[in-house]
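Novice: Coordinates in coords10.txt, compact mmCIF, C-alpha atoms, are listed below.
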# COMPACT_ATOMS: atom_id res chain seq x y z
CA MET C 19 8.31 -3.65 -8.19
CA THR C 20 9.03 0.08 -8.58
CA GLU C 21 11.90 1.40 -10.68
CA SER C 22 13.60 4.49 -9.25
CA LEU C 23 15.39 7.20 -11.20
CA GLU C 24 18.69 5.76 -10.00
CA GLU C 25 17.80 2.29 -11.26
CA PHE C 26 16.58 3.70 -14.56
CA TYR C 27 19.84 5.56 -15.15
CA LYS C 28 21.89 2.49 -14.32
CA ARG C 29 19.79 0.45 -16.74
CA ILE C 30 20.53 2.85 -19.60
CA ASN C 31 24.19 3.30 -18.54
CA ARG C 32 24.01 6.96 -17.59
CA THR C 33 26.92 8.81 -15.96
CA GLU C 34 27.63 9.09 -12.25
CA GLU C 35 26.90 12.83 -12.41
CA ALA C 36 23.34 12.14 -13.48
CA LEU C 37 22.96 9.54 -10.72
CA GLN C 38 24.12 12.02 -8.10
CA HIS C 39 21.59 14.56 -9.33
CA ALA C 40 18.84 11.95 -9.20
CA HIS C 41 19.70 11.23 -5.55
CA GLN C 42 18.79 14.75 -4.42
CA LYS C 43 15.67 14.03 -2.40
CA GLY C 44 12.96 16.61 -1.86
CA SER C 45 14.03 18.87 -4.73
CA GLU C 46 12.92 19.44 -8.31
CA TYR C 47 14.34 17.13 -10.95
CA PHE C 48 14.15 17.44 -14.74
CA ASP C 49 16.29 15.86 -17.43
CA ILE C 50 16.19 15.29 -21.20
CA GLN C 51 17.72 12.41 -23.14
CA LEU C 52 17.92 11.11 -26.67
CA SER C 53 16.02 7.84 -27.03
CA ARG C 54 17.86 5.16 -29.00
CA CYS C 55 16.47 1.80 -30.00
CA SER C 56 17.56 -1.22 -27.98
CA ILE C 57 15.85 -4.45 -28.98
CA GLY C 58 14.40 -6.14 -25.94
CA LYS C 59 11.78 -5.78 -23.23
CA THR C 60 11.80 -3.78 -20.01
CA SER C 61 10.37 -5.37 -16.88
CA PHE C 62 6.73 -4.77 -16.05
CA SER C 63 6.78 -2.31 -13.15
CA TYR C 64 5.84 1.03 -11.68
CA ARG C 65 8.26 3.94 -11.98
CA ASN C 66 8.67 6.58 -9.29
CA PHE C 67 9.10 9.36 -11.87
CA TYR C 68 7.21 10.92 -14.77
CA LYS C 69 8.29 10.48 -18.36
CA VAL C 70 7.18 12.01 -21.65
CA ALA C 71 8.73 10.37 -24.69
CA LEU C 72 8.74 10.97 -28.43
CA VAL C 73 8.78 7.38 -29.68
CA LEU C 74 10.14 6.89 -33.19
CA HIS C 75 10.94 3.18 -32.89
CA THR C 76 8.47 0.33 -33.27
CA GLY C 77 7.47 -1.75 -30.29
CA LYS C 78 4.72 -3.01 -28.02
CA LEU C 79 3.41 -1.21 -24.96
CA TYR C 80 1.99 -3.48 -22.24
CA TYR C 81 -0.47 -2.54 -19.50
CA ALA C 82 -2.28 -4.64 -16.91
CA ASP C 83 -4.76 -6.38 -19.18
CA LYS C 84 -3.95 -5.12 -22.68
CA TRP C 85 -1.19 -4.09 -25.07
CA ILE C 86 -0.88 -1.91 -28.12
CA GLU C 87 1.33 -2.06 -31.21
CA VAL C 88 3.36 1.11 -31.64
CA ASP C 89 4.11 1.04 -35.35
CA ARG C 90 4.37 4.78 -36.09
CA PRO C 91 5.57 7.94 -34.31
CA ALA C 92 3.88 8.55 -30.98
CA ILE C 93 4.00 10.52 -27.74
CA LEU C 94 4.07 8.30 -24.65
CA PHE C 95 3.14 9.45 -21.15
CA SER C 96 4.35 7.50 -18.12
CA THR C 97 3.40 8.35 -14.52
CA PRO C 98 4.18 6.74 -11.16
CA LEU C 99 0.52 5.72 -10.95
CA ILE C 100 0.32 3.19 -13.79
CA PRO C 101 2.69 0.23 -14.32
CA TYR C 102 3.75 -0.76 -17.83
CA ALA C 103 6.35 -2.58 -19.88
CA TRP C 104 7.89 -1.70 -23.25
CA GLU C 105 9.16 -4.18 -25.83
CA ALA C 106 11.24 -2.73 -28.67
CA THR C 107 10.67 -4.78 -31.83
CA GLY C 108 12.61 -2.88 -34.48
CA MET C 109 14.31 0.27 -35.65
CA GLY C 110 12.44 3.42 -36.54
CA GLY C 111 13.05 6.80 -38.07
CA GLY C 112 16.00 7.85 -35.93
CA PRO C 113 16.39 8.62 -32.22
CA GLY C 114 13.52 10.22 -30.38
CA HIS C 115 13.61 12.21 -27.15
CA PHE C 116 12.30 11.81 -23.65
CA CYS C 117 12.21 13.96 -20.55
CA LEU C 118 12.12 12.73 -16.96
CA PHE C 119 10.92 14.68 -13.96
CA ASN C 120 9.67 14.13 -10.45
CA GLU C 121 6.58 15.21 -8.54
CA HIS C 122 8.36 18.24 -7.08
CA PHE C 123 8.94 19.59 -10.59
CA LEU C 124 5.21 19.41 -11.36
CA LYS C 125 4.09 21.22 -8.23
CA THR C 126 3.17 24.86 -8.62
CA GLY C 127 1.80 27.53 -6.34
CA ASP C 128 -1.52 27.54 -8.19
CA ARG C 129 -4.53 25.99 -6.47
CA HIS C 130 -5.39 24.24 -9.73
CA ASN C 131 -2.44 22.64 -11.43
CA PRO C 132 -2.66 23.42 -15.17
CA LEU C 133 -1.63 19.82 -15.88
CA ALA C 134 -4.42 18.33 -13.76
CA ASP C 135 -6.60 17.47 -16.79
CA THR C 136 -3.77 15.99 -18.84
CA PRO C 137 -2.28 12.45 -19.07
CA LEU C 138 0.39 13.42 -16.54
CA LEU C 139 -2.03 13.74 -13.63
CA ASP C 140 -5.36 12.35 -14.86
CA ILE C 141 -5.14 8.56 -15.06
CA SER C 142 -8.37 8.39 -17.08
CA LYS C 143 -6.63 10.02 -20.06
CA GLU C 144 -4.99 8.11 -22.90
CA ARG C 145 -1.32 7.20 -22.33
CA ILE C 146 -0.13 7.16 -25.95
CA TYR C 147 -0.92 9.46 -28.87
CA PHE C 148 0.04 8.68 -32.48
CA ILE C 149 1.26 11.69 -34.44
CA ASP C 150 2.01 12.61 -38.06
CA ASP C 151 5.31 13.84 -39.54
CA ASN C 152 4.43 17.52 -39.14
CA MET C 153 3.75 17.07 -35.45
CA VAL C 154 6.94 15.03 -35.04
CA GLU C 155 8.86 18.07 -36.24
CA ARG C 156 7.02 20.39 -33.81
CA ILE C 157 7.53 18.02 -30.87
CA GLN C 158 11.22 17.65 -31.68
CA GLY C 159 11.47 21.42 -31.72
CA LEU C 160 9.98 21.65 -28.23
CA PHE C 161 12.40 19.03 -26.91
CA LEU C 162 15.34 20.93 -28.41
CA LYS C 163 14.15 24.17 -26.79
CA MET C 164 13.85 22.39 -23.43
CA GLN C 165 17.31 20.91 -23.87
CA GLU C 166 18.77 24.34 -24.60
CA GLU C 167 17.00 25.89 -21.61
CA LEU C 168 18.13 23.07 -19.31
CA LYS C 169 21.76 23.93 -20.09
CA SER C 170 21.29 27.64 -19.36
CA ASP C 171 22.18 29.33 -16.08
CA TYR C 172 18.94 31.31 -15.90
CA ALA C 173 17.64 31.25 -12.32
CA GLN C 174 13.98 30.72 -13.34
CA LYS C 175 14.59 28.11 -16.01
CA SER C 176 12.33 25.59 -14.23
CA ASP C 177 9.36 27.84 -14.95
CA ILE C 178 10.29 27.99 -18.63
CA LEU C 179 10.76 24.21 -18.75
CA ARG C 180 7.30 23.75 -17.25
CA CYS C 181 5.86 26.03 -19.93
CA TYR C 182 7.48 23.97 -22.67
CA LEU C 183 6.22 20.80 -20.98
CA HIS C 184 2.68 22.21 -20.99
CA LEU C 185 2.96 22.92 -24.71
CA LEU C 186 4.30 19.44 -25.41
CA VAL C 187 1.47 17.77 -23.49
CA HIS C 188 -1.26 19.80 -25.15
CA GLU C 189 0.22 19.33 -28.61
CA ALA C 190 -0.20 15.60 -28.08
CA MET C 191 -3.72 15.95 -26.71
CA LYS C 192 -4.84 17.74 -29.87
CA VAL C 193 -4.45 14.47 -31.74
CA ARG C 194 -7.55 12.54 -32.67
CA MET C 195 -7.36 9.20 -30.88
CA THR C 196 -6.93 6.08 -33.01
CA SER C 197 -5.48 3.71 -30.39
CA SER C 198 -6.37 0.03 -30.74
CA TYR C 199 -5.61 -2.16 -27.74
CA ILE C 200 -5.41 -5.94 -27.73
CA PRO C 201 -6.32 -8.08 -24.68
CA ARG C 202 -3.31 -9.72 -23.04
CA ARG C 203 -2.94 -13.45 -22.52
CA ASN C 204 -3.43 -14.32 -18.86
CA ALA C 205 -4.69 -10.77 -18.42
CA GLY C 206 -6.89 -11.76 -15.48
CA GLN C 207 -4.06 -13.22 -13.46
CA ARG C 208 -1.79 -10.29 -14.29
CA THR C 209 -4.47 -7.79 -13.22
CA ALA C 210 -5.04 -9.64 -9.94
CA GLU C 211 -1.28 -9.69 -9.25
CA LEU C 212 -1.04 -5.96 -9.93
CA PHE C 213 -3.96 -5.28 -7.62
CA LEU C 214 -2.31 -7.22 -4.80
CA ALA C 215 1.00 -5.43 -5.39
CA LEU C 216 -0.74 -2.05 -5.46
CA LEU C 217 -2.62 -2.90 -2.27
CA GLU C 218 0.65 -3.65 -0.46
CA ARG C 219 2.21 -0.43 -1.78
CA GLN C 220 -0.30 1.55 0.27
CA PHE C 221 1.26 0.23 3.48
CA PRO C 222 2.72 0.71 5.99
CA ILE C 223 1.06 4.01 6.79
CA GLU C 224 3.47 6.76 7.84
CA ILE C 225 1.53 9.48 9.63
CA PRO C 226 1.29 12.27 8.49
CA HIS C 227 3.44 11.85 5.37
CA LYS C 228 1.85 8.73 3.91
CA ILE C 229 -1.85 8.08 4.43
CA LEU C 230 -4.23 5.71 2.68
CA THR C 231 -5.35 7.09 -0.69
CA LEU C 232 -6.89 4.02 -2.34
CA LYS C 233 -9.84 2.86 -0.26
CA THR C 234 -12.35 1.12 -2.56
CA PRO C 235 -12.30 -1.42 -5.41
CA ASN C 236 -13.17 1.41 -7.78
CA ASP C 237 -10.10 3.39 -6.63
CA TYR C 238 -7.87 0.43 -7.50
CA ALA C 239 -9.65 -0.22 -10.82
CA GLU C 240 -9.09 3.39 -11.90
CA ARG C 241 -5.42 3.21 -10.96
CA LEU C 242 -5.00 -0.01 -12.99
CA SER C 243 -7.05 1.35 -15.91
CA VAL C 244 -9.55 -1.52 -15.83
CA HIS C 245 -13.29 -1.70 -15.20
CA VAL C 246 -14.16 -2.36 -11.56
CA ASN C 247 -16.36 -5.34 -12.51
CA HIS C 248 -13.44 -6.91 -14.34
CA LEU C 249 -11.15 -6.30 -11.37
CA ASN C 250 -13.64 -7.86 -8.95
CA ARG C 251 -14.07 -10.90 -11.18
CA VAL C 252 -10.39 -11.66 -11.73
CA VAL C 253 -9.44 -11.05 -8.09
CA LYS C 254 -12.15 -13.43 -6.93
CA THR C 255 -11.09 -16.06 -9.49
CA THR C 256 -7.40 -15.76 -8.61
CA THR C 257 -7.54 -15.42 -4.82
CA GLY C 258 -10.91 -16.84 -3.84
CA LYS C 259 -11.66 -13.59 -2.00
CA THR C 260 -13.46 -10.44 -3.03
CA THR C 261 -11.62 -7.23 -3.74
CA SER C 262 -13.48 -5.49 -0.92
CA ALA C 263 -12.57 -8.24 1.56
CA LEU C 264 -8.86 -8.03 0.71
CA ILE C 265 -8.84 -4.24 1.09
CA THR C 266 -10.77 -4.45 4.36
CA ASN C 267 -8.49 -7.14 5.80
CA ARG C 268 -5.40 -5.09 5.01
CA ILE C 269 -6.86 -1.95 6.59
CA VAL C 270 -7.80 -3.95 9.70
CA GLN C 271 -4.27 -5.38 9.89
CA GLU C 272 -2.74 -1.92 9.61
CA GLY C 273 -5.18 -0.48 12.14
CA VAL C 274 -4.28 -3.11 14.73
CA GLN C 275 -0.56 -2.53 14.16
CA LEU C 276 -0.87 1.22 14.59
CA LEU C 277 -3.05 0.91 17.69
CA GLN C 278 -0.76 -1.56 19.41
CA HIS C 279 2.65 -0.29 18.30
CA SER C 280 2.41 3.49 17.90
CA ASP C 281 1.65 6.53 20.04
CA TYR C 282 -0.68 8.16 17.52
CA SER C 283 -4.17 9.00 18.76
CA VAL C 284 -7.18 7.03 17.61
CA GLY C 285 -8.29 10.09 15.66
CA GLU C 286 -4.95 10.39 13.85
CA ILE C 287 -5.00 6.69 12.95
CA ALA C 288 -8.60 6.91 11.78
CA PHE C 289 -7.81 9.83 9.46
CA ALA C 290 -4.67 8.16 8.10
CA LEU C 291 -6.68 5.04 7.22
CA GLY C 292 -9.33 7.02 5.34
CA PHE C 293 -12.04 7.48 7.95
CA GLU C 294 -13.60 10.93 8.27
CA GLU C 295 -14.59 10.43 11.91
CA PRO C 296 -13.01 8.41 14.76
CA ALA C 297 -16.45 6.95 15.45
CA SER C 298 -16.55 5.41 11.97
CA PHE C 299 -13.14 3.84 12.54
CA SER C 300 -14.27 2.54 15.94
CA ASN C 301 -17.35 0.91 14.42
CA PHE C 302 -15.22 -0.57 11.63
CA MET C 303 -12.76 -2.16 14.06
CA LYS C 304 -15.53 -3.50 16.30
CA LYS C 305 -17.26 -5.05 13.31
CA HIS C 306 -14.17 -6.81 11.97
CA THR C 307 -12.25 -7.65 15.15
CA ASN C 308 -14.91 -7.62 17.89
CA LEU C 309 -12.72 -5.13 19.77
CA SER C 310 -12.81 -1.36 19.97
CA PRO C 311 -9.70 0.72 19.17
CA THR C 312 -9.31 1.38 22.91
CA SER C 313 -9.37 -2.34 23.63
CA HIS C 314 -6.71 -2.98 20.99
CA ARG C 315 -4.59 -0.26 22.56
CA LEU C 316 -4.63 -2.14 25.88
CA PHE C 317 -2.50 -4.81 24.23
CA GLN C 318 0.20 -2.21 23.56
CA THR C 319 2.06 -2.94 26.78
CA VAL C 320 1.42 -6.68 26.89
Show this structure as structure tokens.
Specialist:
Amino acid sequence: MTESLEEFYKRINRTEEALQHAHQKGSEYFDIQLSRCSIGKTSFSYRNFYKVALVLHTGKLYYADKWIEVDRPAILFSTPLIPYAWEATGMGGGPGHFCLFNEHFLKTGDRHNPLADTPLLDISKERIYFIDDNMVERIQGLFLKMQEELKSDYAQKSDILRCYLHLLVHEAMKVRMTSSYIPRRNAGQRTAELFLALLERQFPIEIPHKILTLKTPNDYAERLSVHVNHLNRVVKTTTGKTTSALITNRIVQEGVQLLQHSDYSVGEIAFALGFEEPASFSNFMKKHTNLSPTSHRLFQTV
């Protein structure tokens, strides 16, 4: 399951104006909100937007195979790449803030995105940073400056907002990490379910806009923030099949579909499915189906 901006706004009872803005596809989106405590738990899911939140309420943050108690002020980073759930358990020191933005907002003309080595784009980084009272004040100040800039009519305000976002992210990353995660009950089954869901999210391939990006068990383990050995073990226990076999079977299925029901060339299909050369794709299909891509294509008109 993936929560969209529209679904998020409906969940928190935002206005129709905000929903209309969120519907503008292919354009930059940035918004800031006050965060108020609402006892309860959000569903475990991916989100199709980025979120940076100043969390001043207590709660529990759940990931695939672990959770962490948030019992003091913290900065939380959420990206479309990692699913999570949040359970609010009590009141805190007043409302916090959060900002939402999409991938278009993060894109810059630079070859190296300045946020590439931060929790927003690097999934190996920590997702939550606990902060002291002095830093809470500084972070709140940055959110207020972003809120003021967002309301302005300055034509280049997106650039200024990105600068404030950079400052906010790096303020959090200065913190010395003290996170302490706890293994989840039924973590193995949950991790296997998330792997299967993530595998299906890679398909169908839409050439050239959507090509296969996760190709190996290690790719999936990194995305789920678990060790690849753990992923292999729980997937085998849950499904009876290896992680590699499930990935391979799904690529084969997609390859056959594209060969028989599309007009893309074998080379285009090979590239979209993660093969550097058409010959490698041909050998792959022969090995797993006993037919070459050309032979599969013969069934196109049958």
Novice: Please, what is the axis-aligned box for every listed atom of stretch 147-165 of chain C with 5 Å on each side, as centre and edge lengths in Å to one decimal, as JSON?
Specialist:
{"center_x": 8.2, "center_y": 16.4, "center_z": -31.5, "size_x": 28.2, "size_y": 25.5, "size_z": 26.1}
Novice: In Å, how far is it from atom CA of C:Thr260 to atom CA of C:Tyr199?
Specialist: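 Straight-line distance from atom CA of C:Thr260 to atom CA of C:Tyr199 works out to 27.2 Å.
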Novice: So that each row is one residue of stretch 117-211 of chain C with an atom at most 7 Å from stretch 57-81 of chain C, can you give its shortest atom pair and the distance in Å to one decimal, using only C-alpha atoms, rows by chain and rising number, as a tab-separated table?
Specialist:
residue	atom	partner	partner_atom	distance
C:Cys117	CA	C:Val70	CA	5.5
C:Leu118	CA	C:Lys69	CA	4.7
C:Phe119	CA	C:Tyr68	CA	5.3
C:Asn120	CA	C:Phe67	CA	5.0
Novice: Would you compute the distance between atom CA of C:Gln158 and atom CA of C:Trp104? Give it in Å to one decimal.
Specialist: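 Distance between the two atoms: 21.4 Å.
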Novice: Quick one: of C:Tyr47, C:Leu214, C:Leu277, C:Ala92, who's nearest to C:Lys259, counting all atoms listed in the file?
Specialist: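 So, comparing all the options, the nearest one is C:Leu214.
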Novice: Applying 12 Å and only C-alpha atoms, which residues near C:Asp135 remain after dropping the ones on its own chain fewer than 3 positions away? List them as a PDB file with C-alpha atoms, in the frame of the given file.
Specialist:
ATOM      1  CA  HIS C 130      -5.390  24.240  -9.730  1.00  0.00           C
ATOM      2  CA  ASN C 131      -2.440  22.640 -11.430  1.00  0.00           C
ATOM      3  CA  PRO C 132      -2.660  23.420 -15.170  1.00  0.00           C
ATOM      4  CA  LEU C 138       0.390  13.420 -16.540  1.00  0.00           C
ATOM      5  CA  LEU C 139      -2.030  13.740 -13.630  1.00  0.00           C
ATOM      6  CA  ASP C 140      -5.360  12.350 -14.860  1.00  0.00           C
ATOM      7  CA  ILE C 141      -5.140   8.560 -15.060  1.00  0.00           C
ATOM      8  CA  SER C 142      -8.370   8.390 -17.080  1.00  0.00           C
ATOM      9  CA  LYS C 143      -6.630  10.020 -20.060  1.00  0.00           C
ATOM     10  CA  GLU C 144      -4.990   8.110 -22.900  1.00  0.00           C
ATOM     11  CA  HIS C 184       2.680  22.210 -20.990  1.00  0.00           C
ATOM     12  CA  VAL C 187       1.470  17.770 -23.490  1.00  0.00           C
ATOM     13  CA  HIS C 188      -1.260  19.800 -25.150  1.00  0.00           C
ATOM     14  CA  MET C 191      -3.720  15.950 -26.710  1.00  0.00           C
TER      15      MET C 191
END
Novice: List as an mmCIF file with C-alpha atoms, keeping the file's coordinate frame the protein and nucleic acid residues near C:Phe48, meaning an atom at most 12 Å away when only C-alpha atoms are counted, but skip any in the same chain fewer than 6 places from it.
Specialist:
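Written output follows (out_4.cif):
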data_model
loop_
_atom_site.group_PDB
_atom_site.id
_atom_site.type_symbol
_atom_site.label_atom_id
_atom_site.label_comp_id
_atom_site.auth_asym_id
_atom_site.auth_seq_id
_atom_site.Cartn_x
_atom_site.Cartn_y
_atom_site.Cartn_z
ATOM 1 C CA LEU C 23 15.390 7.200 -11.200
ATOM 2 C CA ALA C 36 23.340 12.140 -13.480
ATOM 3 C CA HIS C 39 21.590 14.560 -9.330
ATOM 4 C CA ALA C 40 18.840 11.950 -9.200
ATOM 5 C CA GLN C 42 18.790 14.750 -4.420
ATOM 6 C CA PHE C 67 9.100 9.360 -11.870
ATOM 7 C CA TYR C 68 7.210 10.920 -14.770
ATOM 8 C CA LYS C 69 8.290 10.480 -18.360
ATOM 9 C CA VAL C 70 7.180 12.010 -21.650
ATOM 10 C CA PHE C 116 12.300 11.810 -23.650
ATOM 11 C CA CYS C 117 12.210 13.960 -20.550
ATOM 12 C CA LEU C 118 12.120 12.730 -16.960
ATOM 13 C CA PHE C 119 10.920 14.680 -13.960
ATOM 14 C CA ASN C 120 9.670 14.130 -10.450
ATOM 15 C CA GLU C 121 6.580 15.210 -8.540
ATOM 16 C CA HIS C 122 8.360 18.240 -7.080
ATOM 17 C CA PHE C 123 8.940 19.590 -10.590
ATOM 18 C CA LEU C 124 5.210 19.410 -11.360
ATOM 19 C CA MET C 164 13.850 22.390 -23.430
ATOM 20 C CA GLN C 165 17.310 20.910 -23.870
ATOM 21 C CA GLU C 167 17.000 25.890 -21.610
ATOM 22 C CA LEU C 168 18.130 23.070 -19.310
ATOM 23 C CA LYS C 169 21.760 23.930 -20.090
ATOM 24 C CA LYS C 175 14.590 28.110 -16.010
ATOM 25 C CA SER C 176 12.330 25.590 -14.230
ATOM 26 C CA ASP C 177 9.360 27.840 -14.950
ATOM 27 C CA ILE C 178 10.290 27.990 -18.630
ATOM 28 C CA LEU C 179 10.760 24.210 -18.750
ATOM 29 C CA ARG C 180 7.300 23.750 -17.250
ATOM 30 C CA LEU C 183 6.220 20.800 -20.980
#
Novice: Between atom CA of C:Ala134 and atom CA of C:Asn152, what is the spacing in Å?
Specialist: 26.9 Å
Novice: Ranking C:Glu155, C:Glu286, C:Glu272, C:Asp281 by minimum distance to C:Pro226 and counting all atoms listed in the file, which one comes first?
Specialist: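 For C:Pro226, the nearest of the given residues is C:Glu286.
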Novice: Around (0.5, -3.3, 6.7), as given in the file, which residues come within 9 Å? Count only C-alpha atoms and list them as a ChimeraX atom specification.
Specialist: /C:218,220-223,268-273,275
Novice: Could you check the closest approach to C:Lys304 for each of C:Leu212, C:Val274, C:Leu232, C:Ala106 and tell me which residue wins, using only C-alpha atoms?
Specialist: C:Val274
Novice: C:Phe302: which residues within 12 Å, counting all atoms listed in the file, same-chain residues fewer than 6 positions away excluded, as an NGL selection string?
Specialist: :C and (266-267 or 269-270 or 273-274 or 288 or 291-293 or 295-296 or 308-311)
Novice: With distances taken over all atoms listed in the file, which of C:Leu316, C:Ser243, C:Ala297, C:Lys254 is nearest to C:His279?
Specialist: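 Result for the nearest residue to C:His279: C:Leu316.
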